[in-house]
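For reference, input.cif is printed below; it contains mmCIF, C-alpha atoms, pLDDT in the B column; chains and numbers go by the auth columns.
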data_model
#
loop_
_atom_site.group_PDB
_atom_site.id
_atom_site.type_symbol
_atom_site.label_atom_id
_atom_site.label_comp_id
_atom_site.label_asym_id
_atom_site.label_seq_id
_atom_site.Cartn_x
_atom_site.Cartn_y
_atom_site.Cartn_z
_atom_site.B_iso_or_equiv
_atom_site.auth_seq_id
_atom_site.auth_asym_id
ATOM 1 C CA GLU A 1 105.576 117.517 114.841 60.00 1 A
ATOM 2 C CA ARG A 2 106.690 116.094 111.496 68.00 2 A
ATOM 3 C CA ILE A 3 110.086 115.457 109.977 71.00 3 A
ATOM 4 C CA TYR A 4 110.277 116.892 106.452 70.00 4 A
ATOM 5 C CA HIS A 5 113.997 116.454 105.893 72.00 5 A
ATOM 6 C CA HIS A 6 116.872 114.668 107.551 74.00 6 A
ATOM 7 C CA GLU A 7 120.502 114.668 106.573 77.00 7 A
ATOM 8 C CA GLN A 8 123.685 113.455 108.211 79.00 8 A
ATOM 9 C CA ILE A 9 126.592 115.890 108.317 78.00 9 A
ATOM 10 C CA THR A 10 130.032 114.996 109.597 77.00 10 A
ATOM 11 C CA PHE A 11 132.229 117.696 111.081 72.00 11 A
ATOM 12 C CA THR A 12 135.961 117.109 111.086 76.00 12 A
ATOM 13 C CA LYS A 13 138.728 119.102 112.718 75.00 13 A
ATOM 14 C CA SER A 14 139.674 120.592 109.357 77.00 14 A
ATOM 15 C CA THR A 15 136.111 121.644 108.385 71.00 15 A
ATOM 16 C CA TYR A 16 134.598 122.472 111.785 71.00 16 A
ATOM 17 C CA PRO A 17 135.111 126.243 111.887 73.00 17 A
ATOM 18 C CA GLU A 18 133.826 126.697 108.320 77.00 18 A
ATOM 19 C CA PRO A 19 130.071 127.292 107.903 77.00 19 A
ATOM 20 C CA ILE A 20 128.015 124.680 106.066 75.00 20 A
ATOM 21 C CA ARG A 21 125.177 125.785 103.813 77.00 21 A
ATOM 22 C CA LEU A 22 122.139 123.517 103.589 73.00 22 A
ATOM 23 C CA ASP A 23 119.419 123.829 100.966 73.00 23 A
ATOM 24 C CA ILE A 24 116.440 121.992 102.392 71.00 24 A
ATOM 25 C CA PRO A 25 113.241 121.619 100.373 69.00 25 A
ATOM 26 C CA ILE A 26 110.242 121.579 102.715 69.00 26 A
ATOM 27 C CA PRO A 27 106.543 121.944 101.934 68.00 27 A
ATOM 28 C CA LYS A 28 104.773 125.182 102.769 66.00 28 A
ATOM 29 C CA PHE A 29 101.241 124.196 103.669 62.00 29 A
ATOM 30 C CA SER A 30 99.741 127.589 104.378 63.00 30 A
ATOM 31 C CA THR A 31 100.625 131.213 104.042 65.00 31 A
ATOM 32 C CA SER A 32 99.693 131.791 107.694 70.00 32 A
ATOM 33 C CA ALA A 33 102.638 129.754 109.042 71.00 33 A
ATOM 34 C CA THR A 34 105.202 132.192 110.418 79.00 34 A
ATOM 35 C CA GLN A 35 108.088 129.855 111.163 81.00 35 A
ATOM 36 C CA TYR A 36 109.566 126.382 110.942 79.00 36 A
ATOM 37 C CA LEU A 37 111.676 124.823 113.645 81.00 37 A
ATOM 38 C CA ILE A 38 114.930 123.183 112.624 82.00 38 A
ATOM 39 C CA ARG A 39 116.242 120.701 115.168 82.00 39 A
ATOM 40 C CA LEU A 40 119.857 119.583 115.045 82.00 40 A
ATOM 41 C CA VAL A 41 120.591 116.382 116.931 83.00 41 A
ATOM 42 C CA ALA A 42 123.970 114.740 117.518 80.00 42 A
ATOM 43 C CA ASP A 43 123.866 111.033 116.758 79.00 43 A
ATOM 44 C CA SER A 44 127.021 110.288 118.739 79.00 44 A
ATOM 45 C CA TRP A 45 126.379 112.199 121.959 79.00 45 A
ATOM 46 C CA VAL A 46 123.252 111.710 124.034 85.00 46 A
ATOM 47 C CA GLY A 47 121.255 114.836 124.779 84.00 47 A
ATOM 48 C CA VAL A 48 123.170 117.134 122.430 87.00 48 A
ATOM 49 C CA GLU A 49 120.637 118.990 120.330 89.00 49 A
ATOM 50 C CA THR A 50 119.533 122.493 119.488 89.00 50 A
ATOM 51 C CA VAL A 51 116.484 124.067 117.852 90.00 51 A
ATOM 52 C CA PHE A 52 116.553 127.002 115.436 85.00 52 A
ATOM 53 C CA PRO A 53 113.364 128.866 114.518 86.00 53 A
ATOM 54 C CA VAL A 54 113.387 129.939 110.855 80.00 54 A
ATOM 55 C CA SER A 55 111.004 132.654 109.779 81.00 55 A
ATOM 56 C CA THR A 56 109.020 131.859 106.643 76.00 56 A
ATOM 57 C CA SER A 57 109.623 135.422 105.506 76.00 57 A
ATOM 58 C CA GLU A 58 113.314 134.477 105.164 68.00 58 A
ATOM 59 C CA THR A 59 112.665 131.396 103.035 68.00 59 A
ATOM 60 C CA ASN A 60 112.849 131.186 99.262 66.00 60 A
ATOM 61 C CA VAL A 61 109.686 129.930 97.611 65.00 61 A
ATOM 62 C CA PRO A 62 110.073 128.766 94.009 63.00 62 A
ATOM 63 C CA SER A 63 108.225 130.944 91.554 66.00 63 A
ATOM 64 C CA GLN A 64 106.886 127.932 89.663 63.00 64 A
ATOM 65 C CA ALA A 65 106.470 124.354 90.786 63.00 65 A
ATOM 66 C CA VAL A 66 108.175 121.688 88.721 63.00 66 A
ATOM 67 C CA ILE A 67 105.374 119.799 87.005 69.00 67 A
ATOM 68 C CA HIS A 68 107.439 117.055 85.426 76.00 68 A
ATOM 69 C CA THR A 69 110.734 115.235 85.593 82.00 69 A
ATOM 70 C CA ASN A 70 112.781 115.336 82.427 86.00 70 A
ATOM 71 C CA LEU A 71 113.493 111.994 80.835 89.00 71 A
ATOM 72 C CA ILE A 72 117.186 111.203 81.174 90.00 72 A
ATOM 73 C CA ASP A 73 118.977 109.784 78.130 91.00 73 A
ATOM 74 C CA LEU A 74 119.798 106.364 79.596 91.00 74 A
ATOM 75 C CA THR A 75 120.833 103.150 77.903 93.00 75 A
ATOM 76 C CA PRO A 76 117.739 100.903 77.862 94.00 76 A
ATOM 77 C CA LEU A 77 117.915 98.468 80.750 95.00 77 A
ATOM 78 C CA PRO A 78 117.684 94.766 79.814 96.00 78 A
ATOM 79 C CA THR A 79 114.994 92.714 81.517 96.00 79 A
ATOM 80 C CA THR A 80 117.792 90.607 83.003 95.00 80 A
ATOM 81 C CA ALA A 81 118.270 93.508 85.451 95.00 81 A
ATOM 82 C CA LEU A 82 115.425 91.877 87.411 96.00 82 A
ATOM 83 C CA GLN A 83 117.979 89.205 88.448 94.00 83 A
ATOM 84 C CA ASP A 84 115.215 86.681 89.015 95.00 84 A
ATOM 85 C CA GLU A 85 114.578 84.016 86.389 94.00 85 A
ATOM 86 C CA LYS A 86 110.854 83.720 87.211 95.00 86 A
ATOM 87 C CA TYR A 87 110.365 87.482 86.961 96.00 87 A
ATOM 88 C CA GLU A 88 112.334 87.668 83.711 95.00 88 A
ATOM 89 C CA GLN A 89 109.972 85.073 82.183 95.00 89 A
ATOM 90 C CA LEU A 90 107.135 87.576 82.620 95.00 90 A
ATOM 91 C CA PHE A 91 108.831 89.930 80.141 95.00 91 A
ATOM 92 C CA THR A 92 109.788 87.524 77.341 93.00 92 A
ATOM 93 C CA SER A 93 108.014 89.755 74.796 94.00 93 A
ATOM 94 C CA ILE A 94 110.571 92.544 75.359 96.00 94 A
ATOM 95 C CA ASP A 95 114.366 92.554 75.591 96.00 95 A
ATOM 96 C CA THR A 96 114.786 95.937 77.279 97.00 96 A
ATOM 97 C CA PHE A 97 112.662 98.332 79.270 97.00 97 A
ATOM 98 C CA ASN A 98 111.664 101.567 77.539 96.00 98 A
ATOM 99 C CA PRO A 99 113.087 104.968 78.643 95.00 99 A
ATOM 100 C CA VAL A 100 110.354 105.649 81.249 95.00 100 A
ATOM 101 C CA GLN A 101 110.670 102.154 82.709 96.00 101 A
ATOM 102 C CA THR A 102 114.482 102.327 82.656 95.00 102 A
ATOM 103 C CA GLN A 103 114.501 105.658 84.520 94.00 103 A
ATOM 104 C CA LEU A 104 112.097 104.383 87.179 95.00 104 A
ATOM 105 C CA PHE A 105 113.483 100.837 87.475 95.00 105 A
ATOM 106 C CA HIS A 106 115.832 101.370 90.422 94.00 106 A
ATOM 107 C CA VAL A 107 113.421 103.367 92.565 93.00 107 A
ATOM 108 C CA LEU A 108 110.592 100.874 91.928 94.00 108 A
ATOM 109 C CA TYR A 109 112.483 97.606 92.131 95.00 109 A
ATOM 110 C CA HIS A 110 115.130 98.409 94.745 93.00 110 A
ATOM 111 C CA SER A 111 113.551 100.947 97.104 91.00 111 A
ATOM 112 C CA ASN A 112 110.367 101.742 98.988 89.00 112 A
ATOM 113 C CA ILE A 113 110.100 105.320 97.737 88.00 113 A
ATOM 114 C CA PRO A 114 106.570 106.247 96.609 88.00 114 A
ATOM 115 C CA VAL A 115 106.215 107.097 92.914 90.00 115 A
ATOM 116 C CA PHE A 116 103.516 109.059 91.102 90.00 116 A
ATOM 117 C CA LEU A 117 103.674 108.522 87.359 92.00 117 A
ATOM 118 C CA GLY A 118 101.570 110.521 84.975 90.00 118 A
ATOM 119 C CA SER A 119 102.416 109.803 81.365 89.00 119 A
ATOM 120 C CA PRO A 120 100.604 109.355 78.054 90.00 120 A
ATOM 121 C CA THR A 121 98.857 106.213 76.872 90.00 121 A
ATOM 122 C CA GLY A 122 101.322 103.696 75.491 92.00 122 A
ATOM 123 C CA SER A 123 104.284 104.980 77.511 94.00 123 A
ATOM 124 C CA GLY A 124 104.680 101.788 79.553 94.00 124 A
ATOM 125 C CA LYS A 125 102.853 102.628 82.775 95.00 125 A
ATOM 126 C CA THR A 126 101.553 99.065 83.176 95.00 126 A
ATOM 127 C CA ILE A 127 105.055 97.582 83.201 97.00 127 A
ATOM 128 C CA VAL A 128 106.092 100.296 85.680 97.00 128 A
ATOM 129 C CA ALA A 129 103.231 99.160 87.944 95.00 129 A
ATOM 130 C CA GLU A 130 104.284 95.544 87.454 96.00 130 A
ATOM 131 C CA LEU A 131 107.827 96.375 88.596 97.00 131 A
ATOM 132 C CA ALA A 132 106.352 97.769 91.811 96.00 132 A
ATOM 133 C CA ILE A 133 104.216 94.624 92.213 96.00 133 A
ATOM 134 C CA LEU A 134 107.283 92.413 91.756 97.00 134 A
ATOM 135 C CA ARG A 135 109.151 94.383 94.436 96.00 135 A
ATOM 136 C CA MET A 136 106.212 94.038 96.817 95.00 136 A
ATOM 137 C CA LYS A 137 105.907 90.282 96.208 94.00 137 A
ATOM 138 C CA LYS A 138 109.681 89.832 96.565 94.00 138 A
ATOM 139 C CA LEU A 139 109.589 91.483 100.015 94.00 139 A
ATOM 140 C CA TYR A 140 106.203 90.176 101.150 93.00 140 A
ATOM 141 C CA LYS A 141 105.442 86.778 99.634 91.00 141 A
ATOM 142 C CA ASP A 142 101.867 86.910 100.957 89.00 142 A
ATOM 143 C CA GLY A 143 101.442 90.609 100.143 90.00 143 A
ATOM 144 C CA ILE A 144 98.301 91.862 98.422 89.00 144 A
ATOM 145 C CA CYS A 145 98.245 94.456 95.674 90.00 145 A
ATOM 146 C CA VAL A 146 95.162 96.471 94.726 89.00 146 A
ATOM 147 C CA TYR A 147 94.792 97.931 91.227 89.00 147 A
ATOM 148 C CA ILE A 148 92.147 100.631 90.850 88.00 148 A
ATOM 149 C CA ALA A 149 90.850 101.635 87.437 86.00 149 A
ATOM 150 C CA PRO A 150 88.429 104.439 86.523 86.00 150 A
ATOM 151 C CA LEU A 151 86.484 102.206 84.132 87.00 151 A
ATOM 152 C CA LYS A 152 85.246 98.653 84.585 86.00 152 A
ATOM 153 C CA SER A 153 86.478 97.795 81.080 89.00 153 A
ATOM 154 C CA LEU A 154 90.034 98.823 82.003 89.00 154 A
ATOM 155 C CA ALA A 155 89.899 96.776 85.186 89.00 155 A
ATOM 156 C CA ARG A 156 88.615 93.750 83.240 91.00 156 A
ATOM 157 C CA GLU A 157 91.362 94.152 80.609 93.00 157 A
ATOM 158 C CA ARG A 158 94.055 94.244 83.302 94.00 158 A
ATOM 159 C CA LEU A 159 92.419 91.321 85.147 93.00 159 A
ATOM 160 C CA ASN A 160 92.490 89.139 82.022 95.00 160 A
ATOM 161 C CA GLU A 161 96.097 90.016 81.253 94.00 161 A
ATOM 162 C CA TRP A 162 97.324 89.552 84.842 95.00 162 A
ATOM 163 C CA GLN A 163 95.433 86.284 85.306 94.00 163 A
ATOM 164 C CA ARG A 164 97.228 85.022 82.191 93.00 164 A
ATOM 165 C CA ARG A 165 100.686 86.355 83.162 92.00 165 A
ATOM 166 C CA PHE A 166 100.674 86.138 86.968 94.00 166 A
ATOM 167 C CA GLY A 167 98.116 83.363 87.477 93.00 167 A
ATOM 168 C CA GLY A 168 99.997 80.749 85.483 90.00 168 A
ATOM 169 C CA HIS A 169 103.561 79.524 85.168 89.00 169 A
ATOM 170 C CA PRO A 170 105.934 80.625 86.688 91.00 170 A
ATOM 171 C CA MET A 171 104.187 82.784 89.338 93.00 171 A
ATOM 172 C CA PHE A 172 100.891 80.998 90.131 93.00 172 A
ATOM 173 C CA TRP A 173 99.494 84.061 91.928 93.00 173 A
ATOM 174 C CA ARG A 174 95.766 84.430 92.438 90.00 174 A
ATOM 175 C CA VAL A 175 94.280 87.454 90.663 91.00 175 A
ATOM 176 C CA LEU A 176 90.702 88.538 91.449 88.00 176 A
ATOM 177 C CA GLU A 177 88.375 91.311 90.380 84.00 177 A
ATOM 178 C CA LEU A 178 86.514 93.123 93.128 79.00 178 A
ATOM 179 C CA SER A 179 83.621 95.343 92.131 73.00 179 A
ATOM 180 C CA GLY A 180 79.968 95.791 92.948 67.00 180 A
ATOM 181 C CA ASP A 181 79.215 93.081 90.380 66.00 181 A
ATOM 182 C CA THR A 182 81.502 90.375 91.766 63.00 182 A
ATOM 183 C CA HIS A 183 81.119 88.268 94.866 66.00 183 A
ATOM 184 C CA HIS A 184 83.959 86.325 96.446 65.00 184 A
ATOM 185 C CA ASP A 185 83.950 84.505 99.713 66.00 185 A
ATOM 186 C CA ARG A 186 86.399 85.411 102.428 67.00 186 A
ATOM 187 C CA ARG A 187 88.663 82.414 101.746 70.00 187 A
ATOM 188 C CA ALA A 188 89.035 83.427 98.076 69.00 188 A
ATOM 189 C CA LEU A 189 90.018 86.957 99.090 66.00 189 A
ATOM 190 C CA GLU A 190 92.499 85.735 101.702 70.00 190 A
ATOM 191 C CA SER A 191 94.158 83.382 99.220 68.00 191 A
ATOM 192 C CA ALA A 192 94.460 86.052 96.523 65.00 192 A
#

Reformat the file's structure so that it appears as structure tokens.
Amino acid sequence: ERIYHHEQITFTKSTYPEPIRLDIPIPKFSTSATQYLIRLVADSWVGVETVFPVSTSETNVPSQAVIHTNLIDLTPLPTTALQDEKYEQLFTSIDTFNPVQTQLFHVLYHSNIPVFLGSPTGSGKTIVAELAILRMKKLYKDGICVYIAPLKSLARERLNEWQRRFGGHPMFWRVLELSGDTHHDRRALESA
């Protein structure tokens, strides 16, 4: 049993008799599934719940999956939005985040929602990843981040840049490369 959607709805005396329409996006994993079960649970009264079977033949399946999110025309966000002097020092070469970074800033820096970003070279994906790293380190001081690259040259490029930016003032984080060609002892890995 998995929860694919949850939503809190409040009924009042004035709205109770009126029906409420819910549009709930849920994944359809196979064409052989014949129904989903929708469980409604009262959060105020113990033991008050009901289950509705919904036939998949009655569901609306989009004709085409959305393959991208449109870029919203937002005012570029200043790096001071990080609200942390040490973090702001990491971005002294820029005054504002670009449109992709601005659109993703809140979800990356203020939430734990997973993000998949596919965008062209030069669109600012590295800074987007760095925002996620900063969030992780803000929540978990001893947290470890793993960066995976398809080419050793890309991993080495990122290693050199991050050792320079994160390894020195003001962060002093330990940045290591792990590959088949490198060997680190356990203490080095634990302190990274």

| query | Taking the file as shown, what set of residues would the PyMOL selection byres ((chain A and resi 52) around 7) give back, as a list in words? | reply |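 So the PyMOL selection byres ((chain A and resi 52) around 7), applied here, picks out Leu37, Ile38, Arg39, Thr50, Val51, Pro53 and Val54 of chain A.
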
| field | Å distance separating atom CA of A:Ser153 from atom CA of A:Leu108, one decimal place | value |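 Interatomic distance, atom CA of A:Ser153 to atom CA of A:Leu108: 26.6 Å.
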
| request: Run through the PyMOL selection byres ((chain A and resi 112-118) around 12) on the given coordinates and return the selected residues as number ranges by chain. | output: A: 67-69, 100-101, 103-111, 119-129, 131-133, 135-136, 139

Output file for the selection above: C-alpha atoms, as a CSV table (one decimal), in the frame of the given file:
chain,number,residue,atom,x,y,z
A,67,ILE,CA,105.4,119.8,87.0
A,68,HIS,CA,107.4,117.1,85.4
A,69,THR,CA,110.7,115.2,85.6
A,100,VAL,CA,110.4,105.6,81.2
A,101,GLN,CA,110.7,102.2,82.7
A,103,GLN,CA,114.5,105.7,84.5
A,104,LEU,CA,112.1,104.4,87.2
A,105,PHE,CA,113.5,100.8,87.5
A,106,HIS,CA,115.8,101.4,90.4
A,107,VAL,CA,113.4,103.4,92.6
A,108,LEU,CA,110.6,100.9,91.9
A,109,TYR,CA,112.5,97.6,92.1
A,110,HIS,CA,115.1,98.4,94.7
A,111,SER,CA,113.6,100.9,97.1
A,119,SER,CA,102.4,109.8,81.4
A,120,PRO,CA,100.6,109.4,78.1
A,121,THR,CA,98.9,106.2,76.9
A,122,GLY,CA,101.3,103.7,75.5
A,123,SER,CA,104.3,105.0,77.5
A,124,GLY,CA,104.7,101.8,79.6
A,125,LYS,CA,102.9,102.6,82.8
A,126,THR,CA,101.6,99.1,83.2
A,127,ILE,CA,105.1,97.6,83.2
A,128,VAL,CA,106.1,100.3,85.7
A,129,ALA,CA,103.2,99.2,87.9
A,131,LEU,CA,107.8,96.4,88.6
A,132,ALA,CA,106.4,97.8,91.8
A,133,ILE,CA,104.2,94.6,92.2
A,135,ARG,CA,109.2,94.4,94.4
A,136,MET,CA,106.2,94.0,96.8
A,139,LEU,CA,109.6,91.5,100.0

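Minimum atom-to-atom distance to A:Ala33, evaluated using only C-alpha atoms, belongs to A:Thr56 out of A:Leu154, A:Thr56, A:Ile3, A:Lys138.
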
| field | Surrounding residues of A:Ala42 excluding itself and chain neighbours under 2 positions, 12 Å, all atoms listed in the file, as a VMD selection string | value | chain A and resid 7 to 11 39 to 40 44 to 51

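Closest approach to A:Ile144 among A:Glu190, A:Asn98, A:Asp73, A:Ser55 is made by A:Glu190 (distances from all atoms listed in the file).
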
| message | Between atom CA of A:Ile24 and atom CA of A:Asp43, what distance in Å does the model show, to one decimal? | response |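 Computing it gives 19.5 Å between the two atoms.
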
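Across the model, the gap from atom CA of A:Leu82 to atom CA of A:Pro99 is 15.9 Å.
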
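Within 9 Å of A:Thr102, once all atoms listed in the file are used and residues closer than 5 positions along the same chain are dropped, the contacting residues are Leu74, Thr75, Pro76, Leu77, Pro78, Thr96 and Phe97 of chain A.
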
Residues from the last selection, C-alpha atoms, saved as a PDB file, in the coordinates of the input:
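The result, stored in selection25.pdb:
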ATOM      1  CA  LEU A  74     119.798 106.364  79.596  1.00 91.00           C
ATOM      2  CA  THR A  75     120.833 103.150  77.903  1.00 93.00           C
ATOM      3  CA  PRO A  76     117.739 100.903  77.862  1.00 94.00           C
ATOM      4  CA  LEU A  77     117.915  98.468  80.750  1.00 95.00           C
ATOM      5  CA  PRO A  78     117.684  94.766  79.814  1.00 96.00           C
ATOM      6  CA  THR A  96     114.786  95.937  77.279  1.00 97.00           C
ATOM      7  CA  PHE A  97     112.662  98.332  79.270  1.00 97.00           C
TER       8      PHE A  97
END

| In terms of the shortest atom-to-atom distance over all atoms listed in the file, which of A:Pro17, A:Thr79, A:Asp142, A:Ala149 is closest to A:Ser93? |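 Looking at the shortest contact to A:Ser93, the residue is A:Thr79.
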
| query | In terms of the shortest atom-to-atom distance over only C-alpha atoms, which of A:Cys145, A:Pro150, A:Asp95, A:Leu90 is closest to A:Gly168? | reply |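 Of the candidates, the smallest distance to A:Gly168 is held by A:Leu90.
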
Mind telling me what the PyMOL selection byres ((chain A and resi 165) around 12) catches here, as a PDB file with C-alpha atoms, in the frame of the given file?
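Ended up saving to out.pdb:
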ATOM      1  CA  LYS A  86     110.854  83.720  87.211  1.00 95.00           C
ATOM      2  CA  TYR A  87     110.365  87.482  86.961  1.00 96.00           C
ATOM      3  CA  GLU A  88     112.334  87.668  83.711  1.00 95.00           C
ATOM      4  CA  GLN A  89     109.972  85.073  82.183  1.00 95.00           C
ATOM      5  CA  LEU A  90     107.135  87.576  82.620  1.00 95.00           C
ATOM      6  CA  PHE A  91     108.831  89.930  80.141  1.00 95.00           C
ATOM      7  CA  THR A  92     109.788  87.524  77.341  1.00 93.00           C
ATOM      8  CA  SER A  93     108.014  89.755  74.796  1.00 94.00           C
ATOM      9  CA  GLU A 130     104.284  95.544  87.454  1.00 96.00           C
ATOM     10  CA  ARG A 158      94.055  94.244  83.302  1.00 94.00           C
ATOM     11  CA  LEU A 159      92.419  91.321  85.147  1.00 93.00           C
ATOM     12  CA  ASN A 160      92.490  89.139  82.022  1.00 95.00           C
ATOM     13  CA  GLU A 161      96.097  90.016  81.253  1.00 94.00           C
ATOM     14  CA  TRP A 162      97.324  89.552  84.842  1.00 95.00           C
ATOM     15  CA  GLN A 163      95.433  86.284  85.306  1.00 94.00           C
ATOM     16  CA  ARG A 164      97.228  85.022  82.191  1.00 93.00           C
ATOM     17  CA  PHE A 166     100.674  86.138  86.968  1.00 94.00           C
ATOM     18  CA  GLY A 167      98.116  83.363  87.477  1.00 93.00           C
ATOM     19  CA  GLY A 168      99.997  80.749  85.483  1.00 90.00           C
ATOM     20  CA  HIS A 169     103.561  79.524  85.168  1.00 89.00           C
ATOM     21  CA  PRO A 170     105.934  80.625  86.688  1.00 91.00           C
ATOM     22  CA  MET A 171     104.187  82.784  89.338  1.00 93.00           C
ATOM     23  CA  PHE A 172     100.891  80.998  90.131  1.00 93.00           C
ATOM     24  CA  TRP A 173      99.494  84.061  91.928  1.00 93.00           C
ATOM     25  CA  ARG A 174      95.766  84.430  92.438  1.00 90.00           C
ATOM     26  CA  VAL A 175      94.280  87.454  90.663  1.00 91.00           C
TER      27      VAL A 175
END
